[in-house]
Amino acid sequence: MQTNFDKKTYLQWYEQMLLMRKFEEKAGQLYGMQKIRGFCHLYIGQEAVAAGMMSALREDDNLITAYRDHGLALAKGMTANECMAELYGKATGCTKGKGGSMHFFSKEKRFFGGHGIVGAQIGLGAGIAFADRYNNSDRATICMFGDGAARQGMLHETFNMAVLWNLPVIFICENNNYAMGTSLERTSKVLDIYRLADAYDMPGDSVDGMSCEEVHKAIERAVRRAREGGGPTFLEIKTYRYRGHSMSDPAKYRTKEELEEYKERDPLVAVLKTLTENNMATEEEINAINEKVKNEVDACVTFAEESPYPDDSELYKDIYTDENYPFIVD
């Protein structure tokens, strides 16, 4: 297991997290300008979960998540252009402008959503893992959900089947302390969510989600176990969102002191500090990344602005498929 990380990894984390942060800040600004409509859930503050996870995965591993999906999509390798265009509802978006903020998707990058129904993706994640096991693939599946979704019955049914069938899936609860505006303490007597795995004899653990290093190490352990036939793992990754649940949420249910306490642990700042204090990167290298990300975000807005809306003929397309999957018997 990797315990020491090199300059390349820290620079990768910094660039990934900076892109997520700046993309989301721009999305929030554009939402206020009514360029983006509908629901919009920002990932600001949770970037270390995505960055630390991706450095421990292979490109062909699967990822499925809930509706706070922009940052994870970018980290999985989807372009800022296709992501911003989707927020705009444009035909060049990752789901042709039909899914919007909550339904990002990329078959090529093995990013399977973006799901708006709370907890629904938990069962789907196990299904993706089942397909890989059936087809003798050694891919791992990351199945993510929030602390609110941990209250859904779908979780318990899926956990039971995943353990019974020994599926190569890593369940991740991104615990950012609030299910919309309701704190964890108000919804459960079990405050250590990872302990839910105990009922199913599934390995479970708590992870510091403000640390790329800790996330990477936890994912690395779980993925190795999945690839070696050890079955599922449940990780409660404790993180924090700096913005409200969605753009319509003023987040008045938490104190300014609590928010500031978590901002002092900002993962983006922490990685930058590691790079500079350990002389891993020069000021010129950091500035080059800053400029690259700024240009990428500016360019994706221009791309979205100039892209066309979907044609009316697209209305009934992409609803059904005729593709025959190898694990379905005719």
# chains A, B, ... in the order shown; residues from 1 in each chain; ligands from 1
>>> residues_around(residues="Val301 of chain A", least_positions_apart="5", cutoff="10 Å", atoms="only C-alpha atoms", output="compact mmCIF listing (two decimals) with C-alpha atoms, in the first residue's frame")
# COMPACT_ATOMS: atom_id res chain seq x y z
CA PHE A 23 -15.64 24.88 -12.30
CA LYS A 26 -18.21 29.38 -12.10
CA ALA A 27 -21.32 27.16 -12.18
CA LEU A 30 -23.72 31.30 -13.90
CA ALA A 80 -15.08 20.63 -18.67
CA ASN A 81 -16.64 21.42 -22.06
CA CYS A 83 -19.91 19.11 -18.35
CA MET A 84 -20.59 22.84 -18.66
CA ALA A 85 -22.58 22.32 -21.86
CA TYR A 88 -26.53 24.77 -20.03
CA GLU A 296 -10.00 25.63 -19.21
CA GLU A 306 -21.84 28.84 -28.40
CA SER A 307 -23.25 25.30 -28.52
>>> residues_around(residues="Asp138 of chain A", least_positions_apart="2", cutoff="9 Å", atoms="only C-alpha atoms", output="number ranges by chain")
A: 61, 132-133, 136, 140, 168, 226-229
>>> residues_around(residues="segment 244-249 of chain A", least_positions_apart="5", cutoff="9 Å", atoms="only C-alpha atoms", output="list in words")
Gly28, Tyr31, Gly32, Phe39, Cys40, His41, Leu42, Arg68, Tyr178, Ala179, Met180 and Gly181 of chain A
>>> write_last_selection(atoms="C-alpha atoms", output="PDB file, in the first residue's frame")
ATOM      1  CA  GLY A  28     -22.635  28.903  -9.068  1.00  0.00           C
ATOM      2  CA  TYR A  31     -26.671  29.884 -11.978  1.00  0.00           C
ATOM      3  CA  GLY A  32     -27.125  33.286 -10.349  1.00  0.00           C
ATOM      4  CA  PHE A  39     -31.324  21.907  -9.720  1.00  0.00           C
ATOM      5  CA  CYS A  40     -27.636  22.470  -9.081  1.00  0.00           C
ATOM      6  CA  HIS A  41     -25.621  20.863  -6.259  1.00  0.00           C
ATOM      7  CA  LEU A  42     -22.029  22.068  -5.899  1.00  0.00           C
ATOM      8  CA  ARG A  68     -23.726  16.096  -6.551  1.00  0.00           C
ATOM      9  CA  TYR A 178     -26.185  17.219   6.532  1.00  0.00           C
ATOM     10  CA  ALA A 179     -28.906  15.459   4.578  1.00  0.00           C
ATOM     11  CA  MET A 180     -30.121  18.621   2.871  1.00  0.00           C
ATOM     12  CA  GLY A 181     -30.517  20.738   6.027  1.00  0.00           C
TER      13      GLY A 181
END
>>> select_by_dssp(residues="segment 131-231 of chain A", states="strand (DSSP E or B)", output="PyMOL selection string")
chain A and resi 141-146+169-175+178-179+182-183+204-208
>>> write_last_selection(atoms="N, CA and C atoms", output="short mmCIF file (atom, residue, chain, number, x, y, z; two decimals), in the first residue's frame")
data_model
loop_
_atom_site.label_atom_id
_atom_site.label_comp_id
_atom_site.auth_asym_id
_atom_site.auth_seq_id
_atom_site.Cartn_x
_atom_site.Cartn_y
_atom_site.Cartn_z
N THR A 141 -15.95 -1.41 -8.82
CA THR A 141 -17.01 -0.41 -8.95
C THR A 141 -17.06 0.43 -7.68
N ILE A 142 -17.02 1.75 -7.85
CA ILE A 142 -17.20 2.68 -6.75
C ILE A 142 -18.65 3.14 -6.77
N CYS A 143 -19.37 2.91 -5.69
CA CYS A 143 -20.78 3.29 -5.59
C CYS A 143 -20.93 4.30 -4.46
N MET A 144 -21.25 5.55 -4.81
CA MET A 144 -21.24 6.64 -3.84
C MET A 144 -22.65 7.15 -3.53
N PHE A 145 -22.82 7.61 -2.30
CA PHE A 145 -24.09 8.19 -1.87
C PHE A 145 -23.82 9.08 -0.65
N GLY A 146 -24.81 9.85 -0.27
CA GLY A 146 -24.65 10.75 0.86
C GLY A 146 -25.17 10.17 2.16
N VAL A 169 -17.43 -4.41 -5.27
CA VAL A 169 -17.96 -3.05 -5.17
C VAL A 169 -17.50 -2.39 -3.88
N ILE A 170 -17.16 -1.11 -3.97
CA ILE A 170 -16.80 -0.32 -2.79
C ILE A 170 -17.90 0.71 -2.60
N PHE A 171 -18.66 0.56 -1.54
CA PHE A 171 -19.72 1.51 -1.21
C PHE A 171 -19.09 2.67 -0.44
N ILE A 172 -19.38 3.88 -0.87
CA ILE A 172 -18.82 5.06 -0.21
C ILE A 172 -19.93 6.01 0.19
N CYS A 173 -20.01 6.28 1.49
CA CYS A 173 -20.91 7.31 1.98
C CYS A 173 -20.11 8.59 2.15
N GLU A 174 -20.39 9.60 1.32
CA GLU A 174 -19.78 10.91 1.49
C GLU A 174 -20.58 11.63 2.58
N ASN A 175 -20.11 11.51 3.80
CA ASN A 175 -20.82 12.09 4.93
C ASN A 175 -20.38 13.55 5.12
N TYR A 178 -24.81 16.75 6.67
CA TYR A 178 -26.19 17.22 6.53
C TYR A 178 -26.89 16.56 5.36
N ALA A 179 -28.03 15.95 5.63
CA ALA A 179 -28.91 15.46 4.58
C ALA A 179 -29.83 16.62 4.23
N THR A 182 -30.72 18.71 7.33
CA THR A 182 -30.93 17.94 8.56
C THR A 182 -29.64 17.27 8.99
N SER A 183 -29.20 17.55 10.19
CA SER A 183 -27.94 16.99 10.67
C SER A 183 -28.08 15.50 10.94
N GLY A 204 -15.85 -2.42 7.08
CA GLY A 204 -16.24 -1.01 7.04
C GLY A 204 -15.20 -0.16 7.75
N ASP A 205 -15.11 1.11 7.35
CA ASP A 205 -14.11 1.97 7.97
C ASP A 205 -14.52 3.43 7.82
N SER A 206 -13.96 4.26 8.69
CA SER A 206 -14.17 5.70 8.64
C SER A 206 -12.91 6.34 8.08
N VAL A 207 -13.09 7.32 7.18
CA VAL A 207 -11.96 7.92 6.47
C VAL A 207 -12.06 9.45 6.55
N ASP A 208 -10.91 10.10 6.73
CA ASP A 208 -10.86 11.57 6.71
C ASP A 208 -10.98 12.05 5.28
#
>>> residues_around(residues="His103 of chain A", least_positions_apart="6", cutoff="6 Å", atoms="only C-alpha atoms", output="VMD selection string")
chain A and resid 113 to 115
>>> write_last_selection(atoms="N, CA and C atoms", output="short mmCIF file (atom, residue, chain, number, x, y, z; two decimals), in the first residue's frame")
data_model
loop_
_atom_site.label_atom_id
_atom_site.label_comp_id
_atom_site.auth_asym_id
_atom_site.auth_seq_id
_atom_site.Cartn_x
_atom_site.Cartn_y
_atom_site.Cartn_z
N GLY A 113 -23.41 8.06 -13.88
CA GLY A 113 -24.35 8.95 -13.20
C GLY A 113 -23.88 9.31 -11.82
N GLY A 114 -24.41 10.40 -11.43
CA GLY A 114 -25.51 11.30 -11.64
C GLY A 114 -26.89 10.67 -11.57
N HIS A 115 -27.49 10.56 -10.33
CA HIS A 115 -28.86 10.07 -10.18
C HIS A 115 -29.63 10.96 -9.21
#
>>> residues_around(residues="segment 15-22 of chain A", least_positions_apart="5", cutoff="6 Å", atoms="only C-alpha atoms", output="PyMOL selection string")
chain A and resi 44+47+71+293
>>> residues_around(residues="Arg58 of chain A", least_positions_apart="4", cutoff="9 Å", atoms="only C-alpha atoms", output="VMD selection string")
chain A and resid 54 62 139 to 140
>>> closest_residue(among="A:Gly52, A:Gly116, A:Gly89, A:Gly99", to="Tyr67 of chain A", atoms="only C-alpha atoms")
A:Gly116
>>> closest_atom_pairs(of="segment 171-259 of chain A", to="segment 268-277 of chain A", cutoff="9 Å", atoms="only C-alpha atoms", output="Markdown table")
| residue | atom | partner | partner_atom | distance |
| --- | --- | --- | --- | --- |
| A:Met210 | CA | A:Ala270 | CA | 8.9 |
| A:Ser211 | CA | A:Ala270 | CA | 8.1 |
| A:Cys212 | CA | A:Val271 | CA | 8.1 |
>>> closest_residue(among="A:Glu305, A:Glu285, A:Glu220, A:Glu314", to="Glu86 of chain A", atoms="only C-alpha atoms")
A:Glu305
>>> atom_distance(atom1="atom CA of Ile219 of chain A", atom2="atom CA of Met53 of chain A")
6.1 Å
>>> atom_distance(atom1="atom CA of Lys238 of chain A", atom2="atom CA of Asn177 of chain A")
7.9 Å
>>> atom_distance(atom1="atom CA of Phe112 of chain A", atom2="atom CA of Ile319 of chain A")
15.3 Å
>>> closest_residue(among="A:Tyr134, A:Gly119, A:Ala50, A:Tyr10", to="Gly153 of chain A", atoms="only C-alpha atoms")
A:Gly119
>>> residues_around(residues="Glu108 of chain A", least_positions_apart="5", cutoff="12 Å", atoms="only C-alpha atoms", output="PyMOL selection string")
chain A and resi 59-63+73+76-79+94
>>> write_last_selection(atoms="C-alpha atoms", output="mmCIF file, in the first residue's frame")
data_model
loop_
_atom_site.group_PDB
_atom_site.id
_atom_site.type_symbol
_atom_site.label_atom_id
_atom_site.label_comp_id
_atom_site.auth_asym_id
_atom_site.auth_seq_id
_atom_site.Cartn_x
_atom_site.Cartn_y
_atom_site.Cartn_z
ATOM 1 C CA GLU A 59 -9.176 4.362 -15.674
ATOM 2 C CA ASP A 60 -11.466 1.451 -16.540
ATOM 3 C CA ASP A 61 -12.953 1.143 -13.040
ATOM 4 C CA ASN A 62 -16.624 2.078 -12.701
ATOM 5 C CA LEU A 63 -18.080 4.982 -10.751
ATOM 6 C CA ALA A 73 -17.284 13.602 -13.403
ATOM 7 C CA LYS A 76 -13.108 10.705 -13.762
ATOM 8 C CA GLY A 77 -11.821 12.370 -16.912
ATOM 9 C CA MET A 78 -14.881 13.933 -18.460
ATOM 10 C CA THR A 79 -14.108 17.282 -20.105
ATOM 11 C CA CYS A 94 -22.415 14.758 -21.811
#
>>> select_by_dssp(residues="segment 5-229 of chain A", states="helix (DSSP H, G or I)", output="PyMOL selection string")
chain A and resi 7-32+47-54+70-75+80-87+120-134+149-151+153-164+184-186+193-200+212-227
>>> write_last_selection(atoms="C-alpha atoms", output="compact mmCIF listing (two decimals), in the first residue's frame")
# COMPACT_ATOMS: atom_id res chain seq x y z
CA LYS A 7 5.51 15.27 -6.59
CA LYS A 8 3.57 13.97 -9.60
CA THR A 9 0.71 12.76 -7.39
CA TYR A 10 0.48 15.99 -5.41
CA LEU A 11 0.51 18.07 -8.59
CA GLN A 12 -2.21 15.82 -10.03
CA TRP A 13 -4.31 16.27 -6.89
CA TYR A 14 -3.80 20.03 -6.91
CA GLU A 15 -4.78 20.42 -10.56
CA GLN A 16 -7.80 18.12 -10.24
CA MET A 17 -9.10 19.84 -7.11
CA LEU A 18 -8.47 23.31 -8.50
CA LEU A 19 -10.41 22.44 -11.66
CA MET A 20 -13.30 21.09 -9.59
CA ARG A 21 -13.28 24.17 -7.35
CA LYS A 22 -13.11 26.74 -10.15
CA PHE A 23 -15.64 24.88 -12.30
CA GLU A 24 -18.12 24.79 -9.41
CA GLU A 25 -17.54 28.42 -8.49
CA LYS A 26 -18.21 29.38 -12.10
CA ALA A 27 -21.32 27.16 -12.18
CA GLY A 28 -22.63 28.90 -9.07
CA GLN A 29 -22.01 32.30 -10.65
CA LEU A 30 -23.72 31.30 -13.90
CA TYR A 31 -26.67 29.88 -11.98
CA GLY A 32 -27.13 33.29 -10.35
CA GLU A 47 -12.78 17.71 -3.68
CA ALA A 48 -10.29 15.57 -1.73
CA VAL A 49 -12.71 12.64 -1.90
CA ALA A 50 -12.68 12.65 -5.70
CA ALA A 51 -8.97 13.41 -6.12
CA GLY A 52 -7.72 10.89 -3.56
CA MET A 53 -10.02 8.25 -4.95
CA MET A 54 -9.02 8.65 -8.60
CA HIS A 70 -19.92 17.61 -11.34
CA GLY A 71 -16.64 17.28 -9.45
CA LEU A 72 -16.60 13.49 -9.67
CA ALA A 73 -17.28 13.60 -13.40
CA LEU A 74 -14.35 15.96 -13.96
CA ALA A 75 -12.07 13.82 -11.79
CA ALA A 80 -15.08 20.63 -18.67
CA ASN A 81 -16.64 21.42 -22.06
CA GLU A 82 -19.12 18.54 -22.03
CA CYS A 83 -19.91 19.11 -18.35
CA MET A 84 -20.59 22.84 -18.66
CA ALA A 85 -22.58 22.32 -21.86
CA GLU A 86 -24.76 19.83 -20.00
CA LEU A 87 -25.42 22.38 -17.27
CA ALA A 120 -31.44 4.64 -6.14
CA GLN A 121 -27.88 4.39 -7.44
CA ILE A 122 -26.86 2.06 -4.59
CA GLY A 123 -28.63 -0.91 -6.17
CA LEU A 124 -27.42 0.08 -9.63
CA GLY A 125 -23.82 0.15 -8.41
CA ALA A 126 -24.11 -3.41 -7.16
CA GLY A 127 -25.62 -4.37 -10.50
CA ILE A 128 -22.66 -2.94 -12.41
CA ALA A 129 -20.30 -4.89 -10.13
CA PHE A 130 -22.35 -8.04 -10.69
CA ALA A 131 -21.97 -7.64 -14.46
CA ASP A 132 -18.19 -7.41 -14.14
CA ARG A 133 -18.03 -10.44 -11.88
CA TYR A 134 -20.25 -12.41 -14.28
CA ALA A 149 -29.24 8.08 1.45
CA ALA A 150 -27.81 5.82 4.15
CA ARG A 151 -31.35 5.84 5.62
CA GLY A 153 -34.04 0.70 2.42
CA MET A 154 -32.21 0.23 -0.86
CA LEU A 155 -28.91 0.34 1.03
CA HIS A 156 -29.78 -2.60 3.28
CA GLU A 157 -31.13 -4.79 0.49
CA THR A 158 -28.07 -4.05 -1.63
CA PHE A 159 -25.57 -4.63 1.17
CA ASN A 160 -27.09 -8.04 1.83
CA MET A 161 -26.92 -9.11 -1.82
CA ALA A 162 -23.43 -7.66 -2.38
CA VAL A 163 -22.00 -9.68 0.50
CA LEU A 164 -23.97 -12.80 -0.44
CA LEU A 184 -26.93 13.37 11.14
CA GLU A 185 -27.68 13.60 14.86
CA ARG A 186 -31.34 14.32 14.12
CA ILE A 193 -22.35 5.31 9.62
CA TYR A 194 -19.66 2.80 8.62
CA ARG A 195 -20.88 0.54 11.43
CA LEU A 196 -23.93 -0.29 9.28
CA ALA A 197 -21.61 -2.72 7.50
CA ASP A 198 -21.28 -4.79 10.67
CA ALA A 199 -24.78 -6.22 10.27
CA TYR A 200 -23.74 -7.80 6.97
CA CYS A 212 -6.29 13.17 -0.29
CA GLU A 213 -3.71 10.91 1.29
CA GLU A 214 -6.14 9.16 3.63
CA VAL A 215 -8.78 8.76 0.92
CA HIS A 216 -6.23 7.25 -1.48
CA LYS A 217 -5.00 4.73 1.09
CA ALA A 218 -8.52 3.63 2.05
CA ILE A 219 -9.61 3.23 -1.57
CA GLU A 220 -6.41 1.38 -2.44
CA ARG A 221 -7.07 -1.18 0.31
CA ALA A 222 -10.70 -1.66 -0.67
CA VAL A 223 -10.00 -1.93 -4.41
CA ARG A 224 -7.26 -4.50 -3.89
CA ARG A 225 -9.68 -6.56 -1.83
CA ALA A 226 -12.34 -6.33 -4.53
CA ARG A 227 -9.97 -7.34 -7.34
